[in-house]
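Trainee: Handing over model_29.pdb, PDB, C-alpha atoms, pLDDT in the B column.
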MODEL        1
ATOM      1  CA  MET A  30       8.400 -19.063   9.837  1.00 76.00           C
ATOM      2  CA  SER A  31       4.747 -18.932   8.785  1.00 85.00           C
ATOM      3  CA  ASP A  32       3.505 -20.285   5.453  1.00 84.00           C
ATOM      4  CA  THR A  33       2.894 -16.750   4.241  1.00 93.00           C
ATOM      5  CA  ALA A  34       6.371 -15.575   5.246  1.00 95.00           C
ATOM      6  CA  PHE A  35       7.929 -18.581   3.525  1.00 96.00           C
ATOM      7  CA  LEU A  36       5.934 -17.900   0.349  1.00 97.00           C
ATOM      8  CA  GLU A  37       6.953 -14.239   0.381  1.00 98.00           C
ATOM      9  CA  TRP A  38      10.594 -15.336   0.652  1.00 97.00           C
ATOM     10  CA  ALA A  39      10.060 -17.844  -2.191  1.00 98.00           C
ATOM     11  CA  PHE A  40       8.478 -15.139  -4.363  1.00 98.00           C
ATOM     12  CA  ARG A  41      11.425 -12.826  -3.790  1.00 98.00           C
ATOM     13  CA  LEU A  42      13.876 -15.601  -4.637  1.00 98.00           C
ATOM     14  CA  GLY A  43      11.796 -16.459  -7.712  1.00 98.00           C
ATOM     15  CA  GLY A  44      11.799 -12.780  -8.649  1.00 98.00           C
ATOM     16  CA  LEU A  45      15.590 -12.686  -8.616  1.00 98.00           C
ATOM     17  CA  GLY A  46      15.620 -15.804 -10.788  1.00 98.00           C
ATOM     18  CA  LEU A  47      13.186 -14.250 -13.259  1.00 98.00           C
ATOM     19  CA  ILE A  48      15.338 -11.132 -13.537  1.00 98.00           C
ATOM     20  CA  VAL A  49      18.391 -13.319 -14.225  1.00 98.00           C
ATOM     21  CA  LEU A  50      16.353 -15.231 -16.823  1.00 97.00           C
ATOM     22  CA  ALA A  51      15.399 -11.950 -18.482  1.00 98.00           C
ATOM     23  CA  PHE A  52      19.053 -10.910 -18.756  1.00 97.00           C
ATOM     24  CA  VAL A  53      19.980 -14.319 -20.182  1.00 96.00           C
ATOM     25  CA  HIS A  54      17.908 -13.351 -23.220  1.00 95.00           C
ATOM     26  CA  VAL A  55      20.588 -10.757 -24.063  1.00 93.00           C
ATOM     27  CA  GLY A  56      22.902 -13.594 -25.137  1.00 94.00           C
ATOM     28  CA  PHE A  57      20.386 -15.341 -27.401  1.00 92.00           C
ATOM     29  CA  ALA A  58      21.503 -13.640 -30.612  1.00 91.00           C
ATOM     30  CA  ARG A  59      25.108 -14.738 -30.111  1.00 93.00           C
ATOM     31  CA  TRP A  60      24.396 -18.197 -28.645  1.00 93.00           C
ATOM     32  CA  PHE A  61      21.933 -19.142 -31.351  1.00 92.00           C
ATOM     33  CA  ARG A  62      23.995 -17.529 -34.144  1.00 93.00           C
ATOM     34  CA  TRP A  63      21.170 -15.243 -35.202  1.00 92.00           C
ATOM     35  CA  SER A  64      23.435 -13.211 -37.479  1.00 91.00           C
ATOM     36  CA  ASP A  65      23.767 -16.325 -39.671  1.00 94.00           C
ATOM     37  CA  GLU A  66      20.381 -17.939 -38.997  1.00 92.00           C
ATOM     38  CA  LEU A  67      18.231 -14.835 -39.368  1.00 93.00           C
ATOM     39  CA  ALA A  68      20.067 -13.618 -42.464  1.00 94.00           C
ATOM     40  CA  GLN A  69      18.004 -16.122 -44.434  1.00 94.00           C
ATOM     41  CA  LEU A  70      14.762 -14.463 -43.306  1.00 95.00           C
ATOM     42  CA  SER A  71      13.083 -11.311 -44.554  1.00 96.00           C
ATOM     43  CA  LEU A  72      13.853  -8.091 -42.684  1.00 96.00           C
ATOM     44  CA  LEU A  73      10.381  -8.199 -41.115  1.00 97.00           C
ATOM     45  CA  ASN A  74      10.913 -11.722 -39.733  1.00 96.00           C
ATOM     46  CA  GLN A  75      14.411 -10.838 -38.483  1.00 95.00           C
ATOM     47  CA  GLN A  76      13.038  -7.865 -36.601  1.00 96.00           C
ATOM     48  CA  LEU A  77      10.059  -9.854 -35.295  1.00 96.00           C
ATOM     49  CA  MET A  78      12.454 -12.362 -33.692  1.00 95.00           C
ATOM     50  CA  ARG A  79      14.526  -9.632 -32.073  1.00 95.00           C
ATOM     51  CA  VAL A  80      11.565  -7.516 -30.921  1.00 97.00           C
ATOM     52  CA  HIS A  81       9.609 -10.498 -29.582  1.00 97.00           C
ATOM     53  CA  THR A  82      12.672 -11.725 -27.689  1.00 97.00           C
ATOM     54  CA  PHE A  83      13.100  -8.264 -26.169  1.00 97.00           C
ATOM     55  CA  PHE A  84       9.471  -8.102 -25.035  1.00 98.00           C
ATOM     56  CA  VAL A  85       9.522 -11.635 -23.623  1.00 97.00           C
ATOM     57  CA  ALA A  86      12.616 -10.678 -21.628  1.00 98.00           C
ATOM     58  CA  PHE A  87      11.023  -7.381 -20.588  1.00 98.00           C
ATOM     59  CA  GLY A  88       7.859  -9.152 -19.412  1.00 98.00           C
ATOM     60  CA  VAL A  89       9.857 -11.749 -17.498  1.00 98.00           C
ATOM     61  CA  ALA A  90      11.912  -8.974 -15.863  1.00 98.00           C
ATOM     62  CA  LEU A  91       8.783  -7.044 -14.885  1.00 98.00           C
ATOM     63  CA  SER A  92       7.235 -10.133 -13.316  1.00 98.00           C
ATOM     64  CA  GLY A  93      10.487 -10.633 -11.419  1.00 98.00           C
ATOM     65  CA  VAL A  94      10.383  -7.059 -10.145  1.00 98.00           C
ATOM     66  CA  LEU A  95       6.739  -7.562  -9.134  1.00 98.00           C
ATOM     67  CA  ASN A  96       7.773 -10.621  -7.130  1.00 98.00           C
ATOM     68  CA  LEU A  97      10.511  -8.634  -5.391  1.00 98.00           C
ATOM     69  CA  VAL A  98       8.520  -5.543  -4.475  1.00 98.00           C
ATOM     70  CA  ALA A  99       5.025  -6.971  -3.881  1.00 98.00           C
ATOM     71  CA  ALA A 100       5.496 -10.525  -2.607  1.00 98.00           C
ATOM     72  CA  ASP A 101       3.316  -9.743   0.408  1.00 97.00           C
ATOM     73  CA  LEU A 102       0.472  -8.542  -1.827  1.00 97.00           C
ATOM     74  CA  LEU A 103       0.775 -11.482  -4.219  1.00 98.00           C
ATOM     75  CA  VAL A 104       0.095 -13.968  -1.431  1.00 97.00           C
ATOM     76  CA  SER A 105      -2.624 -12.098   0.451  1.00 96.00           C
ATOM     77  CA  THR A 106      -4.948 -10.112  -1.819  1.00 97.00           C
ATOM     78  CA  ARG A 107      -7.642 -10.781  -4.404  1.00 98.00           C
ATOM     79  CA  LEU A 108      -5.489  -9.098  -7.060  1.00 98.00           C
ATOM     80  CA  GLY A 109      -2.540 -11.222  -5.922  1.00 98.00           C
ATOM     81  CA  PHE A 110      -4.724 -14.301  -6.365  1.00 98.00           C
ATOM     82  CA  LEU A 111      -5.634 -13.278  -9.912  1.00 98.00           C
ATOM     83  CA  LEU A 112      -2.029 -12.436 -10.824  1.00 98.00           C
ATOM     84  CA  CYS A 113      -0.710 -15.680  -9.342  1.00 98.00           C
ATOM     85  CA  LEU A 114      -3.407 -17.662 -11.122  1.00 98.00           C
ATOM     86  CA  GLY A 115      -2.516 -16.019 -14.436  1.00 98.00           C
ATOM     87  CA  PHE A 116       1.212 -16.545 -13.944  1.00 98.00           C
ATOM     88  CA  ALA A 117       0.631 -20.162 -12.884  1.00 98.00           C
ATOM     89  CA  LEU A 118      -1.292 -20.764 -16.108  1.00 98.00           C
ATOM     90  CA  PHE A 119       1.453 -19.037 -18.121  1.00 98.00           C
ATOM     91  CA  TRP A 120       4.177 -21.274 -16.643  1.00 98.00           C
ATOM     92  CA  VAL A 121       2.067 -24.442 -16.953  1.00 98.00           C
ATOM     93  CA  VAL A 122       1.673 -23.708 -20.668  1.00 98.00           C
ATOM     94  CA  ARG A 123       5.421 -23.002 -20.925  1.00 98.00           C
ATOM     95  CA  LEU A 124       6.167 -26.336 -19.232  1.00 98.00           C
ATOM     96  CA  TYR A 125       3.769 -28.084 -21.641  1.00 98.00           C
ATOM     97  CA  PHE A 126       5.623 -26.551 -24.593  1.00 98.00           C
ATOM     98  CA  GLN A 127       8.934 -27.769 -23.162  1.00 97.00           C
ATOM     99  CA  PHE A 128       7.800 -31.379 -23.552  1.00 97.00           C
ATOM    100  CA  PHE A 129       5.169 -31.394 -26.283  1.00 97.00           C
ATOM    101  CA  VAL A 130       6.027 -28.570 -28.690  1.00 97.00           C
ATOM    102  CA  TYR A 131       9.827 -28.481 -28.757  1.00 96.00           C
ATOM    103  CA  SER A 132      11.121 -31.595 -30.490  1.00 96.00           C
ATOM    104  CA  SER A 133      13.223 -33.944 -28.373  1.00 96.00           C
ATOM    105  CA  GLN A 134      15.595 -34.035 -31.356  1.00 97.00           C
ATOM    106  CA  LEU A 135      16.835 -30.665 -30.143  1.00 95.00           C
ATOM    107  CA  TRP A 136      18.283 -32.120 -26.937  1.00 95.00           C
ATOM    108  CA  ARG A 137      18.218 -35.925 -26.895  1.00 96.00           C
ATOM    109  CA  GLY A 138      21.713 -37.424 -27.096  1.00 96.00           C
ATOM    110  CA  LYS A 139      23.398 -34.030 -26.667  1.00 96.00           C
ATOM    111  CA  ARG A 140      24.937 -33.524 -23.235  1.00 96.00           C
ATOM    112  CA  ARG A 141      24.758 -29.709 -22.974  1.00 95.00           C
ATOM    113  CA  GLU A 142      21.308 -29.447 -24.573  1.00 95.00           C
ATOM    114  CA  THR A 143      19.938 -32.258 -22.379  1.00 97.00           C
ATOM    115  CA  ALA A 144      21.272 -30.513 -19.283  1.00 97.00           C
ATOM    116  CA  ALA A 145      19.635 -27.252 -20.402  1.00 95.00           C
ATOM    117  CA  HIS A 146      16.358 -29.090 -21.092  1.00 97.00           C
ATOM    118  CA  CYS A 147      16.387 -30.655 -17.605  1.00 97.00           C
ATOM    119  CA  VAL A 148      17.345 -27.439 -15.794  1.00 97.00           C
ATOM    120  CA  LEU A 149      14.758 -25.363 -17.665  1.00 97.00           C
ATOM    121  CA  SER A 150      12.069 -27.999 -17.109  1.00 98.00           C
ATOM    122  CA  ALA A 151      12.803 -27.821 -13.378  1.00 98.00           C
ATOM    123  CA  VAL A 152      12.662 -24.009 -13.479  1.00 98.00           C
ATOM    124  CA  TRP A 153       9.306 -23.992 -15.319  1.00 98.00           C
ATOM    125  CA  LEU A 154       7.940 -26.594 -12.879  1.00 98.00           C
ATOM    126  CA  GLY A 155       9.190 -24.566  -9.924  1.00 98.00           C
ATOM    127  CA  LEU A 156       7.467 -21.459 -11.243  1.00 98.00           C
ATOM    128  CA  CYS A 157       4.240 -23.448 -11.730  1.00 98.00           C
ATOM    129  CA  VAL A 158       4.401 -24.604  -8.113  1.00 98.00           C
ATOM    130  CA  LEU A 159       5.341 -21.160  -6.773  1.00 98.00           C
ATOM    131  CA  TYR A 160       2.516 -19.305  -8.495  1.00 98.00           C
ATOM    132  CA  SER A 161      -0.013 -22.066  -7.767  1.00 98.00           C
ATOM    133  CA  ALA A 162       0.897 -21.967  -4.079  1.00 98.00           C
ATOM    134  CA  GLY A 163       0.676 -18.176  -4.169  1.00 98.00           C
ATOM    135  CA  ALA A 164      -2.777 -18.355  -5.748  1.00 98.00           C
ATOM    136  CA  ILE A 165      -4.000 -20.814  -3.093  1.00 97.00           C
ATOM    137  CA  CYS A 166      -2.601 -18.721  -0.258  1.00 97.00           C
ATOM    138  CA  ALA A 167      -3.987 -15.466  -1.669  1.00 97.00           C
ATOM    139  CA  TRP A 168      -7.389 -17.065  -2.226  1.00 97.00           C
ATOM    140  CA  ARG A 169      -7.538 -18.274   1.373  1.00 96.00           C
ATOM    141  CA  LEU A 170      -6.421 -14.958   2.841  1.00 94.00           C
ATOM    142  CA  SER A 171      -8.508 -12.726   0.580  1.00 93.00           C
ATOM    143  CA  THR A 172     -11.759 -14.644   1.096  1.00 91.00           C
ATOM    144  CA  SER A 173     -11.558 -15.115   4.861  1.00 82.00           C
TER     145      SER A 173
ENDMDL
END
What's the structure tokens form of this structure?

Mentor:
Amino acid sequence: MSDTAFLEWAFRLGGLGLIVLAFVHVGFARWFRWSDELAQLSLLNQQLMRVHTFFVAFGVALSGVLNLVAADLLVSTRLGFLLCLGFALFWVVRLYFQFFVYSSQLWRGKRRETAAHCVLSAVWLGLCVLYSAGAICAWRLSTS
């Protein structure tokens, strides 16, 4: 299997994972007890949380669909290079937030939360690597 074929396969697998991640957002309101937590906020802030969560999930789903239907273009074209570079930056910033913005008090010493922190950190790192590799491959193929 060539490097490009492997990357295309990895993008499709990553796309499926992103679509699953998008659907996981559906459970946020219940899991995080938003009916109780958000009741303390103004109506505007309640709706901002719900609408922003929807659009984050929608964006993640769309990027997953892009990975599924255009993996070959992501790893071989100038536009693929630019998209991969942008997505790599997005996931690097998300990984940074995982360690330096979210407080470790949210997960440290809590078995389930620590497991979630570790799994999500690995996912964000994997997406950083995937999109960085895609950007490198697309750059090489689109400039040769």

Trainee: CA of Gly43 (chain A) to CA of Ser133 (chain A): how many Å, to one decimal?

Mentor: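 That distance, rounded to one decimal, is 27.1 Å.
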
Trainee: Taking the file as I've supplied it (selection: the PyMOL selection byres ((chain A and resi 116-129) around 6)), which residues are included? Please answer as a PyMOL selection string.

Mentor: chain A and resi 113-115+130-131+153+157+160-161

Trainee: Quick check, in Å to one decimal: how far apart do CA of Ala51 (chain A) and CA of Arg140 (chain A) lie?

Mentor: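 If I compute the distance from CA of Ala51 (chain A) to CA of Arg140 (chain A), I get 24.1 Å.
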
Trainee: Would you give me, as CSV, each residue of region 36-60 of chain A having an atom within 9 Å of an atom of region 73-92 of chain A, along with its shortest atom pair and that distance in Å to one decimal, using all atoms listed in the file and sorting by chain and residue number?

Mentor:
residue,atom,partner,partner_atom,distance
A:Gly44,CA,A:Ser92,CA,7.0
A:Leu45,CA,A:Ala90,CA,8.9
A:Leu47,CA,A:Val89,CA,5.9
A:Ile48,CA,A:Ala90,CA,4.7
A:Val49,CA,A:Ala90,CA,8.0
A:Leu50,CA,A:Val89,CA,7.4
A:Ala51,CA,A:Ala86,CA,4.4
A:Phe52,CA,A:Ala86,CA,7.1
A:Val53,CA,A:Ala86,CA,8.3
A:His54,CA,A:Ala86,CA,6.1
A:Val55,CA,A:Phe83,CA,8.2
A:Phe57,CA,A:Thr82,CA,8.5
A:Ala58,CA,A:Arg79,CA,8.2

Trainee: Suppose you want the space between CA of Asn96 (chain A) and CA of Thr172 (chain A); what is it in Å?

Mentor: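 Distance reported for this atom pair: 21.6 Å.
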
Trainee: Around region 91-96 of chain A, with edges along x, y and z and 4 Å added on all six sides, what centre and edge lengths do you get, in Å to one decimal, as AutoDock Vina command-line options?

Mentor:
--center_x 8.6 --center_y -8.8 --center_z -11.0 --size_x 11.7 --size_y 11.6 --size_z 15.8

Trainee: Which residues of region 73-151 of chain A come within 12 Å of region 167-171 of chain A, and what is each one's closest atom pair and distance in Å (one decimal), counting all atoms listed in the file, sorted by chain and residue number, as JSON lines?

Mentor:
{"residue": "A:Ala100", "atom": "CA", "partner": "A:Ala167", "partner_atom": "CA", "distance": 10.7}
{"residue": "A:Asp101", "atom": "CA", "partner": "A:Ala167", "partner_atom": "CA", "distance": 9.5}
{"residue": "A:Leu102", "atom": "CA", "partner": "A:Ala167", "partner_atom": "CA", "distance": 8.2}
{"residue": "A:Leu103", "atom": "CA", "partner": "A:Ala167", "partner_atom": "CA", "distance": 6.7}
{"residue": "A:Val104", "atom": "CA", "partner": "A:Ala167", "partner_atom": "CA", "distance": 4.4}
{"residue": "A:Ser105", "atom": "CA", "partner": "A:Ala167", "partner_atom": "CA", "distance": 4.2}
{"residue": "A:Thr106", "atom": "CA", "partner": "A:Ser171", "partner_atom": "CA", "distance": 5.0}
{"residue": "A:Arg107", "atom": "CA", "partner": "A:Ser171", "partner_atom": "CA", "distance": 5.4}
{"residue": "A:Leu108", "atom": "CA", "partner": "A:Ala167", "partner_atom": "CA", "distance": 8.5}
{"residue": "A:Gly109", "atom": "CA", "partner": "A:Ala167", "partner_atom": "CA", "distance": 6.2}
{"residue": "A:Phe110", "atom": "CA", "partner": "A:Ala167", "partner_atom": "CA", "distance": 4.9}
{"residue": "A:Leu111", "atom": "CA", "partner": "A:Ala167", "partner_atom": "CA", "distance": 8.7}
{"residue": "A:Leu112", "atom": "CA", "partner": "A:Ala167", "partner_atom": "CA", "distance": 9.8}
{"residue": "A:Cys113", "atom": "CA", "partner": "A:Ala167", "partner_atom": "CA", "distance": 8.3}
{"residue": "A:Leu114", "atom": "CA", "partner": "A:Ala167", "partner_atom": "CA", "distance": 9.7}
